[in-house]
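Quick look at start18.cif (mmCIF, C-alpha atoms):
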```cif
data_model
#
loop_
_atom_site.label_atom_id
_atom_site.label_comp_id
_atom_site.auth_asym_id
_atom_site.auth_seq_id
_atom_site.Cartn_x
_atom_site.Cartn_y
_atom_site.Cartn_z
CA MET A 3 63.84 87.60 167.00
CA GLU A 4 66.74 85.41 168.09
CA MET A 5 67.24 84.07 164.55
CA ILE A 6 67.26 87.57 163.04
CA ASN A 7 69.70 88.92 165.62
CA ARG A 8 72.00 85.94 165.20
CA LEU A 9 72.01 86.35 161.41
CA LYS A 10 72.51 90.11 161.70
CA GLU A 11 75.51 89.70 164.02
CA LYS A 12 77.08 87.17 161.67
CA ILE A 13 76.71 89.61 158.76
CA LEU A 14 78.25 92.41 160.83
CA ASP A 15 81.21 90.07 161.40
CA GLY A 16 81.63 89.52 157.65
CA TYR A 17 79.40 86.52 156.97
CA ASN A 18 77.85 86.19 153.50
CA ILE A 19 74.39 84.74 153.91
CA THR A 20 73.07 81.87 151.81
CA ILE A 21 69.84 81.61 149.86
CA GLN A 22 68.55 79.35 152.63
CA ASP A 23 69.34 82.03 155.21
CA ALA A 24 67.49 84.63 153.15
CA GLN A 25 64.45 82.39 152.77
CA CYS A 26 64.07 82.37 156.54
CA LEU A 27 63.43 86.13 156.37
CA ILE A 28 60.37 85.77 154.14
CA THR A 29 58.08 84.97 157.07
CA ALA A 30 60.06 86.67 159.85
CA ASP A 31 58.57 89.58 161.78
CA LEU A 32 58.64 92.61 159.49
CA ASP A 33 59.55 95.22 162.09
CA GLU A 34 62.39 93.07 163.37
CA ILE A 35 64.00 92.44 159.98
CA CYS A 36 63.61 96.09 158.98
CA SER A 37 65.30 97.23 162.18
CA ALA A 38 68.11 94.71 161.71
CA ALA A 39 68.53 95.73 158.06
CA ASN A 40 68.84 99.35 159.12
CA GLU A 41 71.59 98.40 161.56
CA ILE A 42 73.43 96.52 158.81
CA ARG A 43 73.11 99.52 156.51
CA ASN A 44 74.44 101.87 159.16
CA HIS A 45 77.37 99.55 159.97
CA PHE A 46 78.58 99.13 156.39
CA CYS A 47 77.43 102.34 154.71
CA GLY A 48 76.95 104.86 157.49
CA ASN A 49 74.36 107.59 157.05
CA ILE A 50 75.53 108.64 153.59
CA PHE A 51 72.63 108.81 151.14
CA ASP A 52 73.06 108.61 147.34
CA VAL A 53 70.66 110.64 145.15
CA CYS A 54 70.60 110.53 141.35
CA THR A 55 68.31 111.83 138.62
CA ILE A 56 67.47 110.54 135.16
CA ILE A 57 66.36 112.09 131.89
CA ASN A 58 64.37 110.33 129.18
CA GLY A 59 66.82 111.01 126.37
CA LYS A 60 65.05 109.04 123.65
CA SER A 61 61.44 107.98 124.03
CA GLY A 62 59.18 105.29 122.59
CA LYS A 63 59.34 103.08 119.49
CA CYS A 64 61.27 100.41 121.39
CA SER A 65 61.79 97.13 119.53
CA GLU A 66 61.61 95.09 122.75
CA ASP A 67 58.45 93.49 124.17
CA CYS A 68 58.99 94.00 127.92
CA LYS A 69 55.43 93.60 129.18
CA TYR A 70 55.62 96.35 131.80
CA CYS A 71 56.97 99.11 129.56
CA ALA A 72 55.04 102.01 128.04
CA GLN A 73 57.81 102.61 125.52
CA SER A 74 57.51 99.25 123.76
CA SER A 75 56.27 99.47 120.17
CA TYR A 76 54.27 96.29 120.84
CA PHE A 77 51.72 98.09 123.01
CA ASP A 78 49.31 100.94 122.29
CA VAL A 79 49.96 103.20 125.25
CA GLY A 80 50.21 106.62 123.63
CA VAL A 81 53.57 107.49 125.18
CA GLU A 82 55.39 110.50 123.74
CA GLU A 83 57.86 109.47 121.04
CA TYR A 84 61.03 111.33 120.07
CA SER A 85 64.56 110.62 118.90
CA LEU A 86 67.74 111.43 120.82
CA LEU A 87 67.53 114.88 122.40
CA ASN A 88 70.10 117.51 121.48
CA THR A 89 73.12 118.37 123.58
CA GLU A 90 71.68 121.66 124.85
CA GLU A 91 68.67 119.94 126.43
CA PHE A 92 70.84 117.36 128.19
CA LEU A 93 73.32 120.01 129.32
CA GLU A 94 70.64 122.31 130.73
CA GLN A 95 69.17 119.52 132.83
CA ALA A 96 72.58 118.33 134.01
CA VAL A 97 73.61 121.77 135.23
CA TYR A 98 70.21 122.29 136.88
CA ASN A 99 70.51 119.00 138.77
CA TYR A 100 74.10 119.70 139.76
CA LYS A 101 73.12 123.05 141.28
CA LYS A 102 70.37 121.25 143.21
CA GLY A 103 73.02 119.08 144.87
CA ILE A 104 72.45 115.91 142.83
CA LEU A 105 75.39 113.53 142.81
CA ARG A 106 74.71 111.62 139.59
CA TYR A 107 72.83 112.28 136.36
CA SER A 108 71.79 109.50 133.99
CA VAL A 109 70.66 109.68 130.39
CA VAL A 110 68.26 106.81 129.65
CA THR A 111 67.29 105.93 126.09
CA SER A 112 64.63 103.61 124.73
CA GLY A 113 65.38 100.74 122.38
CA LYS A 114 67.41 97.55 122.49
CA LYS A 115 70.57 99.61 122.05
CA LEU A 116 71.82 102.84 120.52
CA SER A 117 73.35 102.79 117.06
CA ASP A 118 77.02 103.64 116.55
CA ASN A 119 76.02 107.11 115.30
CA GLU A 120 73.83 107.67 118.34
CA VAL A 121 76.62 106.54 120.66
CA ASP A 122 78.99 109.01 118.99
CA ALA A 123 76.41 111.79 119.40
CA ILE A 124 75.72 111.06 123.05
CA CYS A 125 79.46 110.83 123.74
CA GLU A 126 79.85 114.40 122.50
CA THR A 127 77.07 115.37 124.89
CA TYR A 128 78.72 113.62 127.85
CA LYS A 129 82.00 115.34 127.03
CA LYS A 130 80.35 118.78 127.07
CA ILE A 131 78.53 118.05 130.33
CA GLY A 132 81.84 117.07 131.91
CA GLU A 133 83.38 120.32 130.74
CA SER A 134 80.50 122.35 132.18
CA CYS A 135 79.85 120.88 135.63
CA GLY A 136 81.06 118.26 138.06
CA ILE A 137 78.00 116.02 138.16
CA SER A 138 78.85 112.33 137.93
CA LEU A 139 77.64 110.71 134.71
CA CYS A 140 75.68 107.49 134.34
CA ALA A 141 74.39 106.04 131.06
CA SER A 142 71.58 103.63 130.21
CA HIS A 143 71.55 102.81 126.50
CA GLY A 144 70.65 99.15 126.27
CA LEU A 145 72.72 96.20 125.15
CA LEU A 146 75.82 97.98 123.88
CA ASN A 147 79.04 96.27 122.82
CA TYR A 148 82.47 96.52 124.42
CA GLU A 149 83.81 99.12 121.97
CA GLN A 150 80.84 101.39 122.67
CA PHE A 151 81.41 101.06 126.40
CA VAL A 152 85.04 102.08 125.93
CA LYS A 153 83.85 105.23 124.14
CA LEU A 154 81.55 106.08 127.06
CA LYS A 155 84.37 105.56 129.53
CA GLU A 156 86.72 107.78 127.51
CA VAL A 157 84.34 110.77 127.63
CA GLY A 158 83.84 110.62 131.39
CA VAL A 159 80.90 108.29 132.00
CA LYS A 160 81.52 106.57 135.34
CA ARG A 161 78.61 104.15 135.60
CA TYR A 162 76.39 102.12 133.30
CA HIS A 163 72.85 101.09 134.14
CA ASN A 164 71.29 97.84 132.99
CA ASN A 165 68.64 96.17 135.15
CA LEU A 166 68.34 92.41 135.22
CA GLU A 167 64.67 93.18 136.10
CA THR A 168 63.67 89.79 137.56
CA SER A 169 65.01 86.29 138.16
CA ARG A 170 66.30 84.08 135.37
CA ARG A 171 63.31 81.78 135.90
CA ASN A 172 60.78 84.60 135.54
CA PHE A 173 62.50 86.56 132.78
CA PRO A 174 60.85 84.77 129.81
CA ASN A 175 57.47 85.75 131.29
CA ILE A 176 58.53 89.39 131.08
CA CYS A 177 60.42 89.67 127.80
CA THR A 178 61.05 87.44 124.77
CA THR A 179 63.05 89.75 122.47
CA HIS A 180 66.23 89.50 124.51
CA THR A 181 67.38 87.20 127.28
CA TYR A 182 68.63 87.26 130.84
CA ASP A 183 72.03 86.17 129.57
CA ASP A 184 72.05 89.05 127.07
CA LYS A 185 71.81 91.40 130.03
CA ILE A 186 74.51 89.62 132.02
CA THR A 187 76.82 89.68 129.01
CA THR A 188 76.22 93.42 128.63
CA ILE A 189 77.00 94.05 132.30
CA LYS A 190 80.26 92.12 132.07
CA LYS A 191 81.30 94.04 128.94
CA ALA A 192 80.65 97.35 130.72
CA GLN A 193 82.71 96.20 133.69
CA LYS A 194 85.52 95.05 131.40
CA ALA A 195 85.58 98.56 129.91
CA GLY A 196 86.16 99.97 133.40
CA LEU A 197 82.64 101.19 134.13
CA GLU A 198 80.82 100.73 137.41
CA VAL A 199 77.45 99.05 136.91
CA CYS A 200 74.05 99.89 138.38
CA SER A 201 71.65 96.96 138.10
CA GLY A 202 68.56 95.87 139.96
CA GLY A 203 65.00 94.79 139.42
CA LEU A 204 61.38 95.70 138.94
CA MET A 205 59.19 94.22 141.66
CA GLY A 206 55.55 93.31 141.16
CA LEU A 207 55.82 91.48 137.82
CA GLY A 208 54.17 88.35 139.16
CA GLU A 209 57.41 87.03 140.64
CA THR A 210 57.72 85.22 143.95
CA MET A 211 59.82 86.31 146.90
CA ILE A 212 62.18 83.47 146.01
CA ASP A 213 62.59 85.02 142.55
CA ARG A 214 63.53 88.31 144.21
CA ILE A 215 66.05 86.62 146.46
CA VAL A 216 67.65 84.73 143.58
CA LEU A 217 67.93 88.01 141.65
CA ALA A 218 69.72 89.60 144.61
CA PHE A 219 72.26 86.77 144.69
CA ASP A 220 72.86 87.10 140.95
CA LEU A 221 73.55 90.81 141.49
CA LYS A 222 75.90 89.94 144.33
CA ASP A 223 77.77 87.45 142.13
CA LEU A 224 78.21 90.19 139.49
CA GLY A 225 79.70 92.54 142.08
CA ILE A 226 76.96 95.15 141.69
CA LYS A 227 77.22 97.97 144.24
CA SER A 228 74.27 100.13 143.09
CA VAL A 229 70.95 98.26 143.07
CA PRO A 230 67.77 100.04 141.93
CA ILE A 231 64.61 98.56 143.39
CA ASN A 232 61.67 99.58 141.22
CA ILE A 233 57.99 99.01 141.96
CA LEU A 234 55.68 98.23 139.05
CA ASN A 235 53.36 101.07 138.13
CA PRO A 236 50.78 99.16 136.05
CA ILE A 237 50.34 101.25 132.90
CA LYS A 238 47.11 101.06 130.93
CA GLY A 239 47.71 99.48 127.54
CA THR A 240 50.53 97.19 128.66
CA PRO A 241 50.00 93.46 129.34
CA PHE A 242 50.63 94.10 133.03
CA GLU A 243 48.05 96.86 133.42
CA HIS A 244 45.88 94.68 135.69
CA LEU A 245 48.60 93.62 138.12
CA SER A 246 48.27 94.90 141.68
CA VAL A 247 50.60 97.52 143.13
CA LEU A 248 52.82 96.17 145.88
CA SER A 249 52.05 97.26 149.41
CA LEU A 250 54.43 99.35 151.48
CA ASP A 251 55.03 96.39 153.81
CA GLU A 252 56.00 94.11 150.93
CA VAL A 253 58.45 96.67 149.56
CA LYS A 254 59.95 97.14 153.02
CA ARG A 255 60.45 93.38 153.33
CA ILE A 256 62.08 93.17 149.89
CA VAL A 257 64.52 95.95 150.70
CA ALA A 258 65.30 94.59 154.17
CA ILE A 259 66.09 91.14 152.75
CA TYR A 260 68.24 92.75 150.03
CA ARG A 261 70.23 94.55 152.75
CA PHE A 262 70.94 91.22 154.44
CA ILE A 263 72.18 89.83 151.10
CA LEU A 264 73.96 92.99 149.87
CA PRO A 265 75.25 94.72 153.02
CA HIS A 266 77.64 97.08 151.20
CA ALA A 267 75.37 98.15 148.32
CA ALA A 268 73.54 101.36 147.62
CA LEU A 269 69.97 100.05 147.64
CA ARG A 270 68.22 102.59 145.45
CA LEU A 271 64.45 103.00 145.77
CA ALA A 272 63.60 103.99 142.23
CA GLY A 273 60.57 103.91 139.90
CA GLY A 274 57.17 103.52 141.55
CA ARG A 275 58.20 105.16 144.83
CA GLY A 276 55.37 107.66 144.44
CA LEU A 277 52.87 104.80 144.69
CA LEU A 278 53.87 104.21 148.31
CA VAL A 279 51.69 105.95 150.89
CA ASP A 280 54.73 107.44 152.64
CA LYS A 281 56.74 108.09 149.42
CA GLY A 282 59.42 105.73 150.66
CA LYS A 283 60.17 106.96 154.18
CA GLY A 284 59.57 103.55 155.73
CA VAL A 285 61.75 101.86 153.14
CA PHE A 286 64.61 104.28 153.82
CA MET A 287 64.45 103.13 157.44
CA SER A 288 64.46 99.47 156.37
CA GLY A 289 67.87 99.29 154.73
CA ALA A 290 67.63 101.52 151.64
CA ASN A 291 70.18 104.32 151.33
CA ALA A 292 69.72 105.72 147.82
CA THR A 293 67.00 106.91 145.48
CA ILE A 294 66.18 108.37 142.09
CA SER A 295 64.68 111.82 142.51
CA GLY A 296 62.59 113.89 140.11
CA ASP A 297 60.49 112.38 137.31
CA MET A 298 61.00 108.86 136.02
CA LEU A 299 60.84 108.00 132.29
CA THR A 300 57.11 108.02 131.55
CA THR A 301 55.72 108.58 135.05
CA SER A 302 55.99 111.37 137.61
CA GLY A 303 58.36 111.25 140.54
CA MET A 304 59.03 113.49 143.54
CA SER A 305 60.57 116.94 143.47
CA ILE A 306 64.27 117.16 144.27
CA GLN A 307 63.72 119.64 147.08
CA ASP A 308 61.02 117.52 148.75
CA ASP A 309 63.32 114.51 148.59
CA MET A 310 66.29 116.40 149.99
CA ASP A 311 64.16 117.64 152.90
CA MET A 312 62.84 114.16 153.63
CA ILE A 313 66.28 112.54 153.47
CA LYS A 314 67.74 115.06 155.91
CA GLN A 315 64.75 114.70 158.25
CA LEU A 316 65.47 110.97 158.42
CA GLY A 317 69.01 111.69 159.61
CA PHE A 318 70.91 110.95 156.42
CA GLU A 319 73.71 113.00 154.91
CA VAL A 320 73.31 113.49 151.16
CA LYS A 321 76.39 112.47 149.20
CA VAL A 322 77.57 115.27 146.90
CA VAL A 323 80.27 115.74 144.27
CA SER A 324 83.33 117.67 145.35
CA LYS A 325 84.15 119.15 141.93
CA MET A 326 82.90 122.73 141.68
CA MET A 327 81.16 124.40 138.75
CA ARG A 328 83.53 125.72 136.10
#
```
For this file, write the structure as structure tokens.
Amino acid sequence: MEMINRLKEKILDGYNITIQDAQCLITADLDEICSAANEIRNHFCGNIFDVCTIINGKSGKCSEDCKYCAQSSYFDVGVEEYSLLNTEEFLEQAVYNYKKGILRYSVVTSGKKLSDNEVDAICETYKKIGESCGISLCASHGLLNYEQFVKLKEVGVKRYHNNLETSRRNFPNICTTHTYDDKITTIKKAQKAGLEVCSGGLMGLGETMIDRIVLAFDLKDLGIKSVPINILNPIKGTPFEHLSVLSLDEVKRIVAIYRFILPHAALRLAGGRGLLVDKGKGVFMSGANATISGDMLTTSGMSIQDDMDMIKQLGFEVKVVSKMMR
């Protein structure tokens, strides 16, 4: 307890912990580190809670071999396949989410990256969404180039999403069709274009707690302020279908340690939250202060209203956009 309190107080005074400091938390008492992480969250972020939603804007037929993913063309999963949705479908969902009080709406597309024609098409969609409602726009379209990021920025996209997924050491065990450095290069190009970046990881891929800690420090070095923490939902037909689902306690420990490393970040409990027995309540009291609501890409999530009720019951204030409907 003394070690945790001492480390917590140093962080509250502005100290940036080291990997060695973080390793000490791996075996520390869970309740104590979760409580301390919650104090750190409250000190640096207050009780503001960040909620976003995503839409699966292009599904399946992905050229990449990420072993956890139902959308990869390498695996026979039977996921629904379709090309880029039309503007009306994206716009309808954006306005619906905005009226529900959602801060940010993200279009996520399968594949290594969108083509130039697809980027032009989705930019027209983003422009029309911006003209119709005040929801903040996030995009997740793979390993785009700098010029494509500039186009997204020009039509009102504020944030780009690109998960590192796991540590550099573990990445080749997860994917061989692109690299960890490909992802870092993409993140830096998005930042150069003036976009905020949302990047995190998928936990439960056979990585160690050290891998998770190293990933958090890489995110810190990149200046990432929105960090999705996903939990593997082992999907039948993928190479990882037989992996075990992480326990609630393990997820709480991951998030608490991430709060010690990333005191200012929005730690976003994302995919796989529905696998937790409490749907994430315990994690939200262990340092997390953001989530993805509604359905995920190929799996079900929680309803927006249920999430809003739970967040308010926990004492958080949901962050909303100030721009009104036009």
Matched chain/residue IDs from the PyMOL selection byres ((chain A and resi 198) around 9), as a ChimeraX atom specification: /A:160-163,192-193,196-197,199-200,226-228
Gap from atom CA of Asn18 of chain A to atom CA of Asn172 of chain A - Å, one decimal: 24.8 Å
Hits of the PyMOL selection byres ((chain A and resi 220) around 12) in this structure, as number ranges by chain: A: 21, 165-170, 182-183, 185-186, 189, 201-203, 213-219, 221-226, 229, 260, 263-264
Keeping only C-alpha atoms, write those residues as an mmCIF file, in the frame of the given file.
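Writing done, so here's part-v4.cif:
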```cif
data_model
loop_
_atom_site.group_PDB
_atom_site.id
_atom_site.type_symbol
_atom_site.label_atom_id
_atom_site.label_comp_id
_atom_site.auth_asym_id
_atom_site.auth_seq_id
_atom_site.Cartn_x
_atom_site.Cartn_y
_atom_site.Cartn_z
ATOM 1 C CA ILE A 21 69.840 81.610 149.860
ATOM 2 C CA ASN A 165 68.640 96.170 135.150
ATOM 3 C CA LEU A 166 68.340 92.410 135.220
ATOM 4 C CA GLU A 167 64.670 93.180 136.100
ATOM 5 C CA THR A 168 63.670 89.790 137.560
ATOM 6 C CA SER A 169 65.010 86.290 138.160
ATOM 7 C CA ARG A 170 66.300 84.080 135.370
ATOM 8 C CA TYR A 182 68.630 87.260 130.840
ATOM 9 C CA ASP A 183 72.030 86.170 129.570
ATOM 10 C CA LYS A 185 71.810 91.400 130.030
ATOM 11 C CA ILE A 186 74.510 89.620 132.020
ATOM 12 C CA ILE A 189 77.000 94.050 132.300
ATOM 13 C CA SER A 201 71.650 96.960 138.100
ATOM 14 C CA GLY A 202 68.560 95.870 139.960
ATOM 15 C CA GLY A 203 65.000 94.790 139.420
ATOM 16 C CA ASP A 213 62.590 85.020 142.550
ATOM 17 C CA ARG A 214 63.530 88.310 144.210
ATOM 18 C CA ILE A 215 66.050 86.620 146.460
ATOM 19 C CA VAL A 216 67.650 84.730 143.580
ATOM 20 C CA LEU A 217 67.930 88.010 141.650
ATOM 21 C CA ALA A 218 69.720 89.600 144.610
ATOM 22 C CA PHE A 219 72.260 86.770 144.690
ATOM 23 C CA LEU A 221 73.550 90.810 141.490
ATOM 24 C CA LYS A 222 75.900 89.940 144.330
ATOM 25 C CA ASP A 223 77.770 87.450 142.130
ATOM 26 C CA LEU A 224 78.210 90.190 139.490
ATOM 27 C CA GLY A 225 79.700 92.540 142.080
ATOM 28 C CA ILE A 226 76.960 95.150 141.690
ATOM 29 C CA VAL A 229 70.950 98.260 143.070
ATOM 30 C CA TYR A 260 68.240 92.750 150.030
ATOM 31 C CA ILE A 263 72.180 89.830 151.100
ATOM 32 C CA LEU A 264 73.960 92.990 149.870
#
```
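If you look at atom CA of Asn235 of chain A and atom CA of Gly289 of chain A, they are 22.1 Å away from each other.
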Expected selection from the PyMOL selection byres ((chain A and resi 86) around 12), given as a VMD selection string: chain A and resid 57 to 63 83 to 85 87 to 92 109 to 113 116 to 117 119 to 124 127 143
Residues within 9 Å of (79.0, 112.1, 151.9), file coords, all atoms listed in the file, listed as a PyMOL selection string: chain A and resi 49-52+319-323
Polymer residues at most 10 Å from segment 313-316 of chain A, all atoms listed in the file, same-chain spacing of 5 or more positions, as a ChimeraX atom specification: /A:49,51-53,283-284,286-287,291-293,307-308
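Coordinates place atom CA of Lys115 of chain A at a distance of 9.2 Å from atom CA of Ser142 of chain A.
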Within 12 Å of Lys194 of chain A using only C-alpha atoms, minus same-chain residues under 6 positions, as a PyMOL selection string: chain A and resi 147-152+155+162+187-188+224
Nearby residues (all atoms listed in the file) at most 9 Å from Thr55 of chain A, same-chain spacing under 2 positions excluded, as a list in words: Val53, Ile57, Asn99, Ile104, Leu105, Arg106, Tyr107, Ser108, Val109, Thr293, Ile294, Ser295, Gly296, Asp297, Met298 and Ile306 of chain A
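Comparing A:Gly48, A:Gly144, A:Pro174, A:Gly80 by their smallest distance to Ala290 of chain A, the closest is A:Gly48 (using all atoms listed in the file).
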Spatial sel., origin (82.4, 119.1, 131.8), limit 10 Å, only C-alpha atoms, listed as a PyMOL selection string: chain A and resi 93+97+127-138+157-158+327-328
